[in-house]
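Here is the file protein_39.csv (CSV, N, CA and C atoms).
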```
chain,number,residue,atom,x,y,z
D,1,MET,N,151.9,181.9,152.3
D,1,MET,CA,151.7,182.3,153.7
D,1,MET,C,152.7,181.7,154.6
D,2,GLN,N,153.4,180.8,154.1
D,2,GLN,CA,154.5,180.1,154.9
D,2,GLN,C,155.5,181.1,155.4
D,3,SER,N,155.9,182.1,154.6
D,3,SER,CA,157.0,183.0,154.9
D,3,SER,C,156.6,184.1,155.8
D,4,LEU,N,155.3,184.3,156.1
D,4,LEU,CA,154.8,185.4,156.9
D,4,LEU,C,155.1,185.0,158.4
D,5,PRO,N,155.4,186.0,159.2
D,5,PRO,CA,155.6,185.8,160.6
D,5,PRO,C,154.2,185.4,161.3
D,6,SER,N,154.3,184.6,162.3
D,6,SER,CA,153.1,184.1,162.9
D,6,SER,C,152.2,185.2,163.5
D,7,SER,N,152.8,186.3,164.0
D,7,SER,CA,152.0,187.4,164.5
D,7,SER,C,151.2,188.0,163.3
D,8,LEU,N,151.7,188.1,162.1
D,8,LEU,CA,151.0,188.6,161.0
D,8,LEU,C,149.9,187.7,160.6
D,9,LYS,N,150.2,186.4,160.6
D,9,LYS,CA,149.2,185.4,160.3
D,9,LYS,C,148.0,185.5,161.2
D,10,LEU,N,148.3,185.6,162.5
D,10,LEU,CA,147.3,185.8,163.5
D,10,LEU,C,146.4,187.0,163.3
D,11,ALA,N,147.1,188.1,162.9
D,11,ALA,CA,146.4,189.4,162.7
D,11,ALA,C,145.5,189.2,161.5
D,12,LEU,N,146.0,188.6,160.4
D,12,LEU,CA,145.1,188.4,159.2
D,12,LEU,C,143.9,187.5,159.5
D,13,GLY,N,144.2,186.5,160.3
D,13,GLY,CA,143.1,185.6,160.7
D,13,GLY,C,142.0,186.3,161.5
D,14,LEU,N,142.4,187.1,162.4
D,14,LEU,CA,141.5,187.8,163.3
D,14,LEU,C,140.7,188.8,162.4
D,15,LEU,N,141.4,189.5,161.5
D,15,LEU,CA,140.7,190.4,160.6
D,15,LEU,C,139.7,189.7,159.8
D,16,ALA,N,140.0,188.5,159.2
D,16,ALA,CA,139.0,187.7,158.5
D,16,ALA,C,137.8,187.3,159.3
D,17,LEU,N,138.1,186.9,160.6
D,17,LEU,CA,137.0,186.6,161.5
D,17,LEU,C,136.1,187.8,161.8
D,18,SER,N,136.7,189.0,161.9
D,18,SER,CA,135.8,190.1,162.2
D,18,SER,C,134.9,190.5,161.1
D,19,PHE,N,135.3,190.3,159.8
D,19,PHE,CA,134.4,190.5,158.7
D,19,PHE,C,133.3,189.5,158.7
D,20,THR,N,133.6,188.2,159.0
D,20,THR,CA,132.6,187.2,159.1
D,20,THR,C,131.6,187.5,160.2
D,21,ALA,N,132.0,187.9,161.3
D,21,ALA,CA,131.1,188.2,162.4
D,21,ALA,C,130.2,189.4,162.1
D,22,THR,N,130.8,190.3,161.4
D,22,THR,CA,130.0,191.5,161.0
D,22,THR,C,128.9,191.1,160.0
D,23,VAL,N,129.2,190.2,159.1
D,23,VAL,CA,128.1,189.8,158.1
D,23,VAL,C,127.1,189.0,158.8
D,24,VAL,N,127.4,188.1,159.7
D,24,VAL,CA,126.5,187.3,160.5
D,24,VAL,C,125.6,188.2,161.3
D,25,SER,N,126.2,189.1,162.1
D,25,SER,CA,125.4,190.0,163.0
D,25,SER,C,124.5,190.9,162.2
D,26,ALA,N,124.9,191.3,161.0
D,26,ALA,CA,124.0,192.1,160.1
D,26,ALA,C,122.8,191.3,159.7
D,27,GLU,N,123.0,190.1,159.4
D,27,GLU,CA,121.8,189.2,159.0
D,27,GLU,C,120.9,189.0,160.1
D,28,GLU,N,121.4,188.8,161.4
D,28,GLU,CA,120.6,188.6,162.5
D,28,GLU,C,119.7,189.8,162.9
D,29,ASN,N,120.2,191.0,162.5
D,29,ASN,CA,119.5,192.2,162.9
D,29,ASN,C,118.3,192.6,161.9
D,30,GLN,N,118.2,191.8,160.8
D,30,GLN,CA,117.1,192.0,159.9
D,30,GLN,C,115.8,191.8,160.5
D,31,PRO,N,114.8,192.7,160.3
D,31,PRO,CA,113.5,192.5,160.9
D,31,PRO,C,112.9,191.2,160.4
D,32,LYS,N,112.3,190.5,161.2
D,32,LYS,CA,111.6,189.3,160.8
D,32,LYS,C,110.2,189.6,160.3
D,33,GLU,N,109.8,188.9,159.2
D,33,GLU,CA,108.5,189.2,158.7
D,33,GLU,C,107.4,188.7,159.6
D,34,LYS,N,106.4,189.6,159.9
D,34,LYS,CA,105.4,189.2,160.8
D,34,LYS,C,104.2,188.6,160.0
D,35,HIS,N,103.6,187.6,160.5
D,35,HIS,CA,102.5,187.0,159.9
D,35,HIS,C,101.3,187.1,160.8
D,36,PRO,N,100.1,187.4,160.3
D,36,PRO,CA,98.9,187.5,161.1
D,36,PRO,C,98.6,186.2,161.8
D,37,SER,N,98.0,186.3,163.0
D,37,SER,CA,97.6,185.1,163.7
D,37,SER,C,96.4,184.5,163.0
D,38,LYS,N,96.1,183.3,163.4
D,38,LYS,CA,94.9,182.6,162.9
D,38,LYS,C,93.6,183.4,163.2
D,39,ALA,N,93.6,183.9,164.4
D,39,ALA,CA,92.4,184.7,164.9
D,39,ALA,C,92.2,186.0,164.0
D,40,ALA,N,93.4,186.6,163.7
D,40,ALA,CA,93.3,187.9,162.9
D,40,ALA,C,92.8,187.5,161.5
D,41,LEU,N,93.3,186.4,161.0
D,41,LEU,CA,92.9,186.0,159.6
D,41,LEU,C,91.4,185.7,159.6
D,42,GLU,N,91.0,185.0,160.6
D,42,GLU,CA,89.5,184.6,160.6
D,42,GLU,C,88.6,185.8,160.7
D,43,LYS,N,89.1,186.8,161.5
D,43,LYS,CA,88.3,188.0,161.7
D,43,LYS,C,88.4,189.0,160.6
D,44,TYR,N,89.6,189.2,160.0
D,44,TYR,CA,89.8,190.4,159.1
D,44,TYR,C,90.1,190.0,157.7
D,45,ASP,N,90.3,188.7,157.4
D,45,ASP,CA,90.6,188.3,156.0
D,45,ASP,C,89.3,188.1,155.2
D,46,ALA,N,88.8,189.3,154.7
D,46,ALA,CA,87.5,189.3,154.1
D,46,ALA,C,87.5,188.4,152.8
D,47,ASN,N,88.5,188.4,152.0
D,47,ASN,CA,88.5,187.6,150.8
D,47,ASN,C,89.0,186.2,151.0
D,48,LYS,N,89.4,185.8,152.2
D,48,LYS,CA,89.8,184.4,152.6
D,48,LYS,C,90.9,183.9,151.8
D,49,ASP,N,91.9,184.8,151.5
D,49,ASP,CA,93.1,184.3,150.7
D,49,ASP,C,94.2,183.9,151.6
D,50,GLY,N,94.0,184.0,152.9
D,50,GLY,CA,95.1,183.6,153.8
D,50,GLY,C,96.1,184.7,154.1
D,51,GLN,N,95.9,185.8,153.6
D,51,GLN,CA,96.8,187.0,153.9
D,51,GLN,C,95.9,188.2,154.1
D,52,LEU,N,96.5,189.2,154.8
D,52,LEU,CA,95.8,190.4,155.0
D,52,LEU,C,96.2,191.5,154.1
D,53,SER,N,95.3,192.0,153.3
D,53,SER,CA,95.7,193.1,152.3
D,53,SER,C,95.9,194.3,153.1
D,54,ASP,N,96.4,195.4,152.5
D,54,ASP,CA,96.6,196.6,153.2
D,54,ASP,C,95.2,197.2,153.7
D,55,GLU,N,94.2,197.0,153.0
D,55,GLU,CA,92.9,197.5,153.5
D,55,GLU,C,92.4,196.7,154.7
D,56,GLU,N,92.6,195.3,154.7
D,56,GLU,CA,92.3,194.5,155.8
D,56,GLU,C,93.1,194.8,157.0
D,57,LYS,N,94.4,195.1,156.8
D,57,LYS,CA,95.3,195.5,157.9
D,57,LYS,C,94.9,196.8,158.5
D,58,ALA,N,94.4,197.7,157.7
D,58,ALA,CA,94.0,199.0,158.1
D,58,ALA,C,92.7,198.8,159.0
D,59,LYS,N,91.8,197.9,158.6
D,59,LYS,CA,90.6,197.7,159.4
D,59,LYS,C,91.0,197.0,160.7
D,60,ALA,N,91.9,196.1,160.7
D,60,ALA,CA,92.4,195.5,162.0
D,60,ALA,C,93.0,196.5,162.9
D,61,LYS,N,93.8,197.4,162.3
D,61,LYS,CA,94.5,198.4,163.1
D,61,LYS,C,93.5,199.4,163.7
D,62,GLU,N,92.5,199.7,163.0
D,62,GLU,CA,91.4,200.6,163.5
D,62,GLU,C,90.6,200.0,164.6
D,63,ALA,N,90.4,198.7,164.4
D,63,ALA,CA,89.6,198.0,165.5
D,63,ALA,C,90.5,197.9,166.7
D,64,ALA,N,91.8,197.7,166.6
D,64,ALA,CA,92.7,197.6,167.8
D,64,ALA,C,92.7,198.9,168.5
D,65,LYS,N,92.7,200.0,167.7
D,65,LYS,CA,92.7,201.4,168.3
D,65,LYS,C,91.4,201.6,169.1
D,66,GLU,N,90.3,201.2,168.5
D,66,GLU,CA,89.0,201.4,169.1
D,66,GLU,C,88.9,200.6,170.4
D,67,LYS,N,89.4,199.3,170.4
D,67,LYS,CA,89.4,198.5,171.5
D,67,LYS,C,90.3,199.1,172.7
D,68,ALA,N,91.4,199.6,172.3
D,68,ALA,CA,92.3,200.2,173.3
D,68,ALA,C,91.7,201.5,173.9
D,69,LYS,N,91.0,202.2,173.1
D,69,LYS,CA,90.3,203.4,173.6
D,69,LYS,C,89.2,203.0,174.6
D,70,LEU,N,88.4,202.0,174.2
D,70,LEU,CA,87.3,201.5,175.1
D,70,LEU,C,87.9,201.0,176.4
D,71,THR,N,89.0,200.3,176.3
D,71,THR,CA,89.7,199.7,177.5
D,71,THR,C,90.2,200.8,178.4
D,72,ARG,N,90.8,201.9,177.8
D,72,ARG,CA,91.3,203.0,178.6
D,72,ARG,C,90.1,203.7,179.3
D,73,GLU,N,89.0,203.9,178.6
D,73,GLU,CA,87.9,204.5,179.2
D,73,GLU,C,87.3,203.7,180.3
D,74,GLU,N,87.2,202.4,180.1
D,74,GLU,CA,86.7,201.5,181.2
D,74,GLU,C,87.6,201.5,182.4
D,75,ASN,N,88.9,201.5,182.2
D,75,ASN,CA,89.9,201.6,183.3
D,75,ASN,C,89.8,202.9,184.1
D,76,LEU,N,89.6,204.0,183.4
D,76,LEU,CA,89.5,205.3,184.0
D,76,LEU,C,88.2,205.3,184.9
D,77,GLU,N,87.1,204.8,184.3
D,77,GLU,CA,85.8,204.8,185.0
D,77,GLU,C,85.9,203.9,186.2
D,78,LYS,N,86.6,202.8,186.1
D,78,LYS,CA,86.6,201.9,187.3
D,78,LYS,C,87.6,202.2,188.3
D,79,TYR,N,88.8,202.7,187.9
D,79,TYR,CA,89.9,202.9,188.8
D,79,TYR,C,90.3,204.3,189.2
D,80,ASP,N,89.9,205.3,188.4
D,80,ASP,CA,90.3,206.7,188.6
D,80,ASP,C,89.4,207.3,189.7
D,81,ALA,N,89.9,207.0,191.0
D,81,ALA,CA,89.1,207.4,192.2
D,81,ALA,C,89.0,208.9,192.3
D,82,ASN,N,90.0,209.7,191.9
D,82,ASN,CA,90.0,211.1,192.1
D,82,ASN,C,89.5,211.8,190.8
D,83,LYS,N,89.1,211.0,189.8
D,83,LYS,CA,88.5,211.6,188.6
D,83,LYS,C,89.3,212.7,187.9
D,84,ASP,N,90.6,212.5,187.9
D,84,ASP,CA,91.5,213.5,187.2
D,84,ASP,C,91.8,213.1,185.8
D,85,GLY,N,91.3,212.0,185.3
D,85,GLY,CA,91.5,211.6,183.9
D,85,GLY,C,92.8,210.8,183.7
D,86,LYS,N,93.5,210.4,184.8
D,86,LYS,CA,94.6,209.6,184.7
D,86,LYS,C,94.8,208.7,185.9
D,87,LEU,N,95.5,207.6,185.8
D,87,LEU,CA,95.6,206.7,186.9
D,87,LEU,C,96.9,207.0,187.7
D,88,GLU,N,96.7,207.3,188.9
D,88,GLU,CA,97.9,207.6,189.8
D,88,GLU,C,98.4,206.2,190.2
D,89,GLU,N,99.5,206.2,191.0
D,89,GLU,CA,100.2,205.0,191.3
D,89,GLU,C,99.3,204.1,192.1
D,90,THR,N,98.6,204.6,193.1
D,90,THR,CA,97.7,203.7,193.9
D,90,THR,C,96.6,203.2,193.1
D,91,GLU,N,96.1,204.0,192.1
D,91,GLU,CA,95.0,203.5,191.2
D,91,GLU,C,95.5,202.4,190.3
D,92,ARG,N,96.7,202.6,189.8
D,92,ARG,CA,97.3,201.5,188.9
D,92,ARG,C,97.6,200.3,189.7
D,93,ALA,N,98.0,200.4,191.0
D,93,ALA,CA,98.2,199.2,191.9
D,93,ALA,C,96.9,198.5,192.1
D,94,ALA,N,95.8,199.2,192.3
D,94,ALA,CA,94.5,198.5,192.4
D,94,ALA,C,94.1,197.8,191.2
D,95,LYS,N,94.3,198.4,190.0
D,95,LYS,CA,94.1,197.7,188.7
D,95,LYS,C,94.9,196.5,188.6
D,96,LYS,N,96.2,196.6,188.9
D,96,LYS,CA,97.1,195.4,188.8
D,96,LYS,C,96.6,194.3,189.7
D,97,ALA,N,96.2,194.7,190.9
D,97,ALA,CA,95.8,193.6,191.9
D,97,ALA,C,94.5,192.9,191.4
D,98,ASP,N,93.6,193.7,190.8
D,98,ASP,CA,92.4,193.1,190.2
D,98,ASP,C,92.8,192.1,189.0
D,99,GLU,N,93.7,192.6,188.2
D,99,GLU,CA,94.1,191.7,187.0
D,99,GLU,C,94.8,190.5,187.5
D,100,GLU,N,95.6,190.5,188.6
D,100,GLU,CA,96.3,189.4,189.1
D,100,GLU,C,95.3,188.4,189.7
D,101,ALA,N,94.3,189.0,190.4
D,101,ALA,CA,93.2,188.1,191.0
D,101,ALA,C,92.4,187.4,189.9
D,102,ALA,N,92.1,188.1,188.8
D,102,ALA,CA,91.4,187.5,187.7
D,102,ALA,C,92.2,186.4,187.1
D,103,ARG,N,93.5,186.6,186.9
D,103,ARG,CA,94.4,185.6,186.3
D,103,ARG,C,94.4,184.4,187.3
D,104,ALA,N,94.5,184.6,188.6
D,104,ALA,CA,94.6,183.5,189.5
D,104,ALA,C,93.3,182.7,189.5
D,105,ALA,N,92.1,183.4,189.4
D,105,ALA,CA,90.8,182.7,189.4
D,105,ALA,C,90.7,181.9,188.1
D,106,LYS,N,91.2,182.5,187.0
D,106,LYS,CA,91.1,181.7,185.7
D,106,LYS,C,92.0,180.5,185.8
D,107,LYS,N,93.2,180.6,186.4
D,107,LYS,CA,94.1,179.5,186.5
D,107,LYS,C,93.4,178.4,187.4
D,108,ALA,N,92.8,178.8,188.5
D,108,ALA,CA,92.1,177.9,189.4
D,108,ALA,C,91.0,177.1,188.7
D,109,GLU,N,90.3,177.8,187.8
D,109,GLU,CA,89.2,177.2,187.0
D,109,GLU,C,89.8,176.2,186.1
D,110,ARG,N,90.9,176.5,185.4
D,110,ARG,CA,91.6,175.6,184.5
D,110,ARG,C,92.1,174.3,185.2
D,111,ASP,N,92.7,174.6,186.4
D,111,ASP,CA,93.2,173.5,187.2
D,111,ASP,C,92.1,172.6,187.7
D,112,ALA,N,91.0,173.2,188.1
D,112,ALA,CA,89.8,172.4,188.6
D,112,ALA,C,89.2,171.6,187.4
D,113,ALA,N,89.1,172.2,186.3
D,113,ALA,CA,88.6,171.4,185.1
D,113,ALA,C,89.6,170.3,184.7
D,114,ARG,N,90.8,170.5,184.8
D,114,ARG,CA,91.8,169.5,184.5
D,114,ARG,C,91.7,168.4,185.5
D,115,THR,N,91.6,168.7,186.8
D,115,THR,CA,91.5,167.7,187.8
D,115,THR,C,90.2,166.9,187.6
D,116,ALA,N,89.1,167.6,187.3
D,116,ALA,CA,87.8,166.9,187.1
D,116,ALA,C,87.9,165.9,185.9
D,117,LYS,N,88.6,166.4,184.8
D,117,LYS,CA,88.8,165.5,183.7
D,117,LYS,C,89.6,164.3,184.0
D,118,THR,N,90.7,164.5,184.8
D,118,THR,CA,91.5,163.4,185.2
D,118,THR,C,90.8,162.4,186.0
D,119,THR,N,90.0,162.9,187.0
D,119,THR,CA,89.2,162.1,187.9
D,119,THR,C,88.1,161.3,187.1
D,120,GLU,N,87.6,162.0,186.1
D,120,GLU,CA,86.5,161.4,185.2
D,120,GLU,C,87.1,160.1,184.5
D,121,LYS,N,88.3,160.2,184.0
D,121,LYS,CA,88.9,159.1,183.2
D,121,LYS,C,89.1,157.9,184.1
D,122,LYS,N,89.3,158.1,185.4
D,122,LYS,CA,89.6,156.9,186.3
D,122,LYS,C,88.4,156.2,186.6
```

Go ahead and express the file in the form of structure tokens.
Amino acid sequence: MQSLPSSLKLALGLLALSFTATVVSAEENQPKEKHPSKAALEKYDANKDGQLSDEEKAKAKEAAKEKAKLTREENLEKYDANKDGKLEETERAAKKADEEAARAAKKAERDAARTAKTTEKK
């Protein structure tokens, strides 16, 4: 490589780097294996082997679909003011405001409990 011109050396070096970057980026794009949460295992791992079988996954998926359906129905019942079967922008805004208020109330409860616990220790 001593006899090659420096521009050719540079070109070969860049070419080698581009192949390396391609291999690294291809590895990064591989989907990561998903593992069920502890809660999902406790609820759906019928044989308690620490993994969800295809049958257990199917039951979990079906339960999630059912829960989503119930939530959708409850949201329509509560927020669909014009009863057209869908939430308009203003109805979605009302739902969002209620959700934010609920989160703020929950945070206030946690903060109050934390303060009470700190005061108790003193």

* Asked: What's the 7 Å shell around D:Leu76, counting only N, CA and C atoms, without same-chain residues fewer than 3 positions away, as a ChimeraX atom specification?
  -> /D:71-73,79-81,85-87

* To do: Could you give me, as a ChimeraX atom specification, the residues within 8 Å of D:Ala40, counting only N, CA and C atoms and dropping anything in the same chain fewer than 5 positions from it?
  => /D:45,52,60

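Take atom CA of D:His35 and atom CA of D:Lys69: the distance between them is 24.6 Å.
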
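Of note, atom CA of D:Ala63 and atom CA of D:Arg103 are spaced 24.7 Å apart.
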
* Just give me the gap between atom N of D:Glu89 and atom N of D:Ala101 in Å, one decimal is fine. =>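 Interatomic distance here is 18.0 Å.
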
Given 5 Å of margin on each side, can you work out the centre and size in Å (one decimal) of an axis-aligned box holding every listed atom of stretch 71-84 of chain D, as lines of an AutoDock Vina configuration file?
```
center_x = 88.8
center_y = 206.6
center_z = 184.3
size_x = 16.0
size_y = 23.8
size_z = 26.0
```

* To do: Select from chain D everything DSSP, run on the backbone, classes as alpha helix (DSSP H), then give the selection as an MDAnalysis selection string.
  => chainID D and resid 6:28 38:44 54:79 89:121
